[in-house]
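Notes to accompany the following structure.
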Amino acid sequence: MVSKRELERYKRQILLFGEEGQERLKRSHIFIAGAGGLGSPIAIYLAVAGVGTITIVDMDAVDVSNLNRQILHTDRDVGKKKTVSAIEKLREYNADITINAIDTMITADNGHELVGRADGIVDAMDNFPVRYLLNRVALARKIPFFHGAIRGFHGQATTILPGKTPCLECIFKDAPPKEVFPVVGTTAGVIGTIQANEVIKYLTGHGDLLAGRLFIWDGLAATGEHLMIEKNPACPACGAMHNQTKGTER
Amino acid sequence: MKVKVRFFARFRELLGTDIILEPPAGTTFTTLVLEVTRKNREGHDAIFDETGAFREFVILMRNGKRVESADAGSLGVADGDEIAVFPPVAGG
């Protein structure tokens, strides 16, 4: 049940998706992989929207060079673990929700356990190997994977629905090369906010998801467009799943 | 024939976008993009490896349909085609 206080707190969005939508947000558990550039706006917006349980995982400490974009962390947090800094800020944003902040590296061994019974995984990582790993966890658990990535003034996002849309390995067979990527905070703001918006739409059942579409943001031109993406029947991650569900797809 | 080449993200910064070309018959996806990048070393090197093949992570599309880089060398382009060359990004 949505409490009297919550009715007031979320009044302006209950106008959009009703008490039922708010109740769905409250009952949901979202896993955010990363408390950096993307993880910051994602976690803040999901916390203030009233997502009932948020688990956020990161292994790093706050570095002064993070502060141009990682808006969960401030000057006084430099040197602190990002999980400690994140939980402090998120509790200030919304004390009515449950926040778990886990200081660890996401690996093939702990991925499933960390995600647990979460209703969705939000990708706020800075590398493809862990993204591929979490994509497989999402496929195995049949929960959505909200992908986002950034570089410079550019970003991309898509929502992966296991069995229905292409998965991360269908779209990106090969990872872009590893680098210290240039980035401006606003790019993380745009893409992270789009990812959080996808989560809210998915949980409340509103709008059209970025399912089967790769959204591409060009901050220099101030344009957004999308590429249609297709399943790879031979995908090593989800090919078998496609073949099983072939007869029932829309 | 007229063909449009669209670059995205960093490729767009290096090479521009929505480039209209009038290639001769028999031009393939790969030779078309090679032609566009011929006078731009940095743009060329961002897209192609030392052997002249598309870098593995680069996403290629023709009229909204994915093209495998292995097929791009033999895939002919046709009048009205729209070619997209997109570099995925990895940061977070």
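We label chains A, B, ... in the order they appear in the structure tokens, count residues from 1 in each chain, and number ligands from 1 in the order shown.
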
Can you list every residue of chain A that has an atom at most 6 Å from chain B, with its nearest atom pair and the distance in Å to one decimal, using only C-alpha atoms, ordered by chain then number, as CSV?
```
residue,atom,partner,partner_atom,distance
A:Gly37,CA,B:Gly92,CA,5.5
A:Leu38,CA,B:Gly92,CA,5.4
A:Ala124,CA,B:Gly92,CA,5.6
A:Met125,CA,B:Gly92,CA,5.2
A:Asp126,CA,B:Gly92,CA,4.2
A:Asn127,CA,B:Ala90,CA,5.8
A:Ala149,CA,B:Ala90,CA,5.2
A:Ile150,CA,B:Gly91,CA,4.7
A:Arg151,CA,B:Gly91,CA,5.6
A:His154,CA,B:Ala9,CA,5.7
A:Asp174,CA,B:Phe57,CA,4.8
A:Ala175,CA,B:Phe57,CA,5.7
A:Pro176,CA,B:Phe57,CA,5.3
```

List the neighbours of Glu35 (chain B) out to 12 Å using only C-alpha atoms; skip same-chain residues closer than 3 positions along the sequence, and give me the result as a ChimeraX atom specification. /B:5,15,19-24,27-32,38-41,43-44,52

Write down as a list in words the residues of chain B whose backbone DSSP state falls under alpha helix (DSSP H). Ala9, Arg10, Phe11, Arg12, Glu13, Leu14, Leu15, Phe29, Thr30, Thr31, Leu32, Val33, Leu34, Glu35, Val36, Thr37, Arg41, Glu42, Gly43, His44, Asp45, Ala46, Ile47, Ser69, Ala70, Asp71 and Ala72 of chain B

Write to file, as a PDB file, in the first residue's frame, the residues of the selection just made, with N, CA and C atoms.
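Saved the output as result_25.pdb:
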```
ATOM      1  N   ALA B   9      28.985   9.536 -33.783  1.00  0.00           N
ATOM      2  CA  ALA B   9      29.891   9.740 -32.656  1.00  0.00           C
ATOM      3  C   ALA B   9      31.271  10.221 -33.110  1.00  0.00           C
ATOM      4  N   ARG B  10      32.322   9.542 -32.671  1.00  0.00           N
ATOM      5  CA  ARG B  10      33.677  10.002 -32.969  1.00  0.00           C
ATOM      6  C   ARG B  10      33.960  10.024 -34.468  1.00  0.00           C
ATOM      7  N   PHE B  11      33.394   9.060 -35.190  1.00  0.00           N
ATOM      8  CA  PHE B  11      33.595   9.025 -36.649  1.00  0.00           C
ATOM      9  C   PHE B  11      33.022  10.292 -37.280  1.00  0.00           C
ATOM     10  N   ARG B  12      31.911  10.774 -36.709  1.00  0.00           N
ATOM     11  CA  ARG B  12      31.277  11.984 -37.236  1.00  0.00           C
ATOM     12  C   ARG B  12      32.182  13.191 -36.989  1.00  0.00           C
ATOM     13  N   GLU B  13      32.797  13.214 -35.803  1.00  0.00           N
ATOM     14  CA  GLU B  13      33.701  14.326 -35.485  1.00  0.00           C
ATOM     15  C   GLU B  13      34.868  14.362 -36.472  1.00  0.00           C
ATOM     16  N   LEU B  14      35.349  13.179 -36.843  1.00  0.00           N
ATOM     17  CA  LEU B  14      36.515  13.112 -37.721  1.00  0.00           C
ATOM     18  C   LEU B  14      36.171  13.316 -39.193  1.00  0.00           C
ATOM     19  N   LEU B  15      35.000  12.839 -39.603  1.00  0.00           N
ATOM     20  CA  LEU B  15      34.711  12.753 -41.033  1.00  0.00           C
ATOM     21  C   LEU B  15      33.456  13.490 -41.494  1.00  0.00           C
ATOM     22  N   PHE B  29      30.391  -1.979 -50.193  1.00  0.00           N
ATOM     23  CA  PHE B  29      30.267  -1.258 -48.918  1.00  0.00           C
ATOM     24  C   PHE B  29      31.653  -0.807 -48.454  1.00  0.00           C
ATOM     25  N   THR B  30      32.606  -1.727 -48.472  1.00  0.00           N
ATOM     26  CA  THR B  30      33.944  -1.412 -47.970  1.00  0.00           C
ATOM     27  C   THR B  30      34.645  -0.371 -48.841  1.00  0.00           C
ATOM     28  N   THR B  31      34.598  -0.536 -50.158  1.00  0.00           N
ATOM     29  CA  THR B  31      35.314   0.423 -51.015  1.00  0.00           C
ATOM     30  C   THR B  31      34.690   1.808 -50.926  1.00  0.00           C
ATOM     31  N   LEU B  32      33.391   1.857 -50.700  1.00  0.00           N
ATOM     32  CA  LEU B  32      32.710   3.146 -50.550  1.00  0.00           C
ATOM     33  C   LEU B  32      33.234   3.892 -49.320  1.00  0.00           C
ATOM     34  N   VAL B  33      33.308   3.180 -48.193  1.00  0.00           N
ATOM     35  CA  VAL B  33      33.761   3.830 -46.953  1.00  0.00           C
ATOM     36  C   VAL B  33      35.251   4.154 -47.056  1.00  0.00           C
ATOM     37  N   LEU B  34      36.013   3.297 -47.722  1.00  0.00           N
ATOM     38  CA  LEU B  34      37.443   3.582 -47.956  1.00  0.00           C
ATOM     39  C   LEU B  34      37.607   4.871 -48.758  1.00  0.00           C
ATOM     40  N   GLU B  35      36.745   5.043 -49.745  1.00  0.00           N
ATOM     41  CA  GLU B  35      36.809   6.234 -50.590  1.00  0.00           C
ATOM     42  C   GLU B  35      36.542   7.500 -49.764  1.00  0.00           C
ATOM     43  N   VAL B  36      35.538   7.414 -48.893  1.00  0.00           N
ATOM     44  CA  VAL B  36      35.195   8.583 -48.069  1.00  0.00           C
ATOM     45  C   VAL B  36      36.343   8.954 -47.131  1.00  0.00           C
ATOM     46  N   THR B  37      37.072   7.950 -46.660  1.00  0.00           N
ATOM     47  CA  THR B  37      38.106   8.199 -45.659  1.00  0.00           C
ATOM     48  C   THR B  37      39.504   8.367 -46.288  1.00  0.00           C
ATOM     49  N   ARG B  41      43.441  10.583 -42.810  1.00  0.00           N
ATOM     50  CA  ARG B  41      44.195   9.497 -42.186  1.00  0.00           C
ATOM     51  C   ARG B  41      43.611   9.089 -40.827  1.00  0.00           C
ATOM     52  N   GLU B  42      43.320  10.096 -40.006  1.00  0.00           N
ATOM     53  CA  GLU B  42      42.827   9.802 -38.656  1.00  0.00           C
ATOM     54  C   GLU B  42      41.466   9.093 -38.717  1.00  0.00           C
ATOM     55  N   GLY B  43      40.612   9.605 -39.603  1.00  0.00           N
ATOM     56  CA  GLY B  43      39.291   8.989 -39.769  1.00  0.00           C
ATOM     57  C   GLY B  43      39.431   7.559 -40.277  1.00  0.00           C
ATOM     58  N   HIS B  44      40.316   7.388 -41.256  1.00  0.00           N
ATOM     59  CA  HIS B  44      40.554   6.058 -41.828  1.00  0.00           C
ATOM     60  C   HIS B  44      41.036   5.087 -40.750  1.00  0.00           C
ATOM     61  N   ASP B  45      42.027   5.530 -39.977  1.00  0.00           N
ATOM     62  CA  ASP B  45      42.622   4.638 -38.976  1.00  0.00           C
ATOM     63  C   ASP B  45      41.661   4.319 -37.829  1.00  0.00           C
ATOM     64  N   ALA B  46      40.707   5.222 -37.587  1.00  0.00           N
ATOM     65  CA  ALA B  46      39.714   4.942 -36.535  1.00  0.00           C
ATOM     66  C   ALA B  46      38.774   3.819 -36.962  1.00  0.00           C
ATOM     67  N   ILE B  47      38.525   3.736 -38.271  1.00  0.00           N
ATOM     68  CA  ILE B  47      37.532   2.778 -38.792  1.00  0.00           C
ATOM     69  C   ILE B  47      38.170   1.471 -39.276  1.00  0.00           C
ATOM     70  N   SER B  69      30.929  -7.286 -40.939  1.00  0.00           N
ATOM     71  CA  SER B  69      32.121  -6.708 -41.574  1.00  0.00           C
ATOM     72  C   SER B  69      32.743  -7.689 -42.564  1.00  0.00           C
ATOM     73  N   ALA B  70      32.588  -8.991 -42.314  1.00  0.00           N
ATOM     74  CA  ALA B  70      33.131 -10.003 -43.226  1.00  0.00           C
ATOM     75  C   ALA B  70      32.433  -9.958 -44.589  1.00  0.00           C
ATOM     76  N   ASP B  71      31.192  -9.482 -44.614  1.00  0.00           N
ATOM     77  CA  ASP B  71      30.434  -9.447 -45.875  1.00  0.00           C
ATOM     78  C   ASP B  71      30.564  -8.114 -46.609  1.00  0.00           C
ATOM     79  N   ALA B  72      31.070  -7.084 -45.880  1.00  0.00           N
ATOM     80  CA  ALA B  72      31.049  -5.722 -46.435  1.00  0.00           C
ATOM     81  C   ALA B  72      31.905  -5.597 -47.695  1.00  0.00           C
TER      82      ALA B  72
END
```

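Each of A:Val137, A:Ala49, A:Leu25, A:Ala221 was checked against Arg117 (chain A) using only C-alpha atoms; the smallest atom-to-atom distance is that of A:Val137.
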
Apply DSSP to the backbone of this structure and, from region 3-246 of chain A, keep only the residues in strand (DSSP E); write these as a PyMOL selection string. chain A and resi 29-33+53-58+98-103+120-123+145-151+154-160+213-218+223-228

What's the 10 Å shell around Asn66 (chain A), counting only C-alpha atoms, without same-chain residues fewer than 5 positions away, as a list of chain:residue names?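 Near neighbours after the sequence-gap exclusion: A:Gly36, A:Gly37, A:Ala61, A:Ile71, A:His73, A:Thr74, A:Asp75, A:Val78, A:Gly185.
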
Residues near Asp119 (chain A), anyone? I mean within 12 Å using only C-alpha atoms, not counting same-chain ones fewer than 2 positions away, as a VMD selection string. chain A and resid 24 to 32 51 to 55 115 to 117 121 to 122 137 to 138 141 to 146 161 199 to 200 202 to 203

Can you tell me how far CA of Gly192 (chain A) sits from CA of Ala211 (chain A), in Å to one decimal?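 Distance reported for this atom pair: 16.6 Å.
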
Ranking B:Thr51, B:Arg6, B:Met1, B:Ala25 by minimum distance to Leu75 (chain B) and counting only C-alpha atoms, which one comes first?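 Using only C-alpha atoms, Leu75 (chain B) sits closest to B:Ala25.
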
Record the distance separating CA of Gly79 (chain A) and CA of Met59 (chain A), expressed in Å with one decimal.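 So the answer is 12.5 Å.
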
I'd like the contact shell of Cys235 (chain A) - 9 Å cut-off, only C-alpha atoms, skipping same-chain residues fewer than 4 positions apart - returned as a PyMOL selection string. chain A and resi 167+169-170+173+231+239-240

What would the file look like if the residues just selected were written as a CSV table (one decimal), in the first residue's frame with N, CA and C atoms?
```csv
chain,number,residue,atom,x,y,z
A,167,CYS,N,20.2,-9.3,-27.5
A,167,CYS,CA,20.9,-9.1,-26.2
A,167,CYS,C,22.1,-8.3,-26.5
A,169,GLU,N,25.2,-9.1,-26.5
A,169,GLU,CA,26.2,-9.8,-27.4
A,169,GLU,C,25.7,-9.8,-28.8
A,170,CYS,N,24.4,-9.8,-29.1
A,170,CYS,CA,23.9,-9.7,-30.4
A,170,CYS,C,24.3,-8.4,-31.0
A,173,LYS,N,29.1,-7.6,-30.8
A,173,LYS,CA,29.8,-8.9,-30.7
A,173,LYS,C,31.2,-8.7,-30.2
A,231,LYS,N,18.2,-9.4,-33.5
A,231,LYS,CA,18.8,-10.6,-32.8
A,231,LYS,C,19.7,-11.3,-33.8
A,239,GLY,N,21.3,-17.1,-28.4
A,239,GLY,CA,20.9,-17.8,-29.6
A,239,GLY,C,19.9,-18.9,-29.3
A,240,ALA,N,20.2,-19.7,-28.3
A,240,ALA,CA,19.3,-20.8,-27.9
A,240,ALA,C,18.0,-20.3,-27.5
```

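Comparing A:Gln13, A:Thr83, A:Tyr45, A:Ala101 by their smallest distance to Asn197 (chain A), the closest is A:Tyr45 (using only C-alpha atoms).
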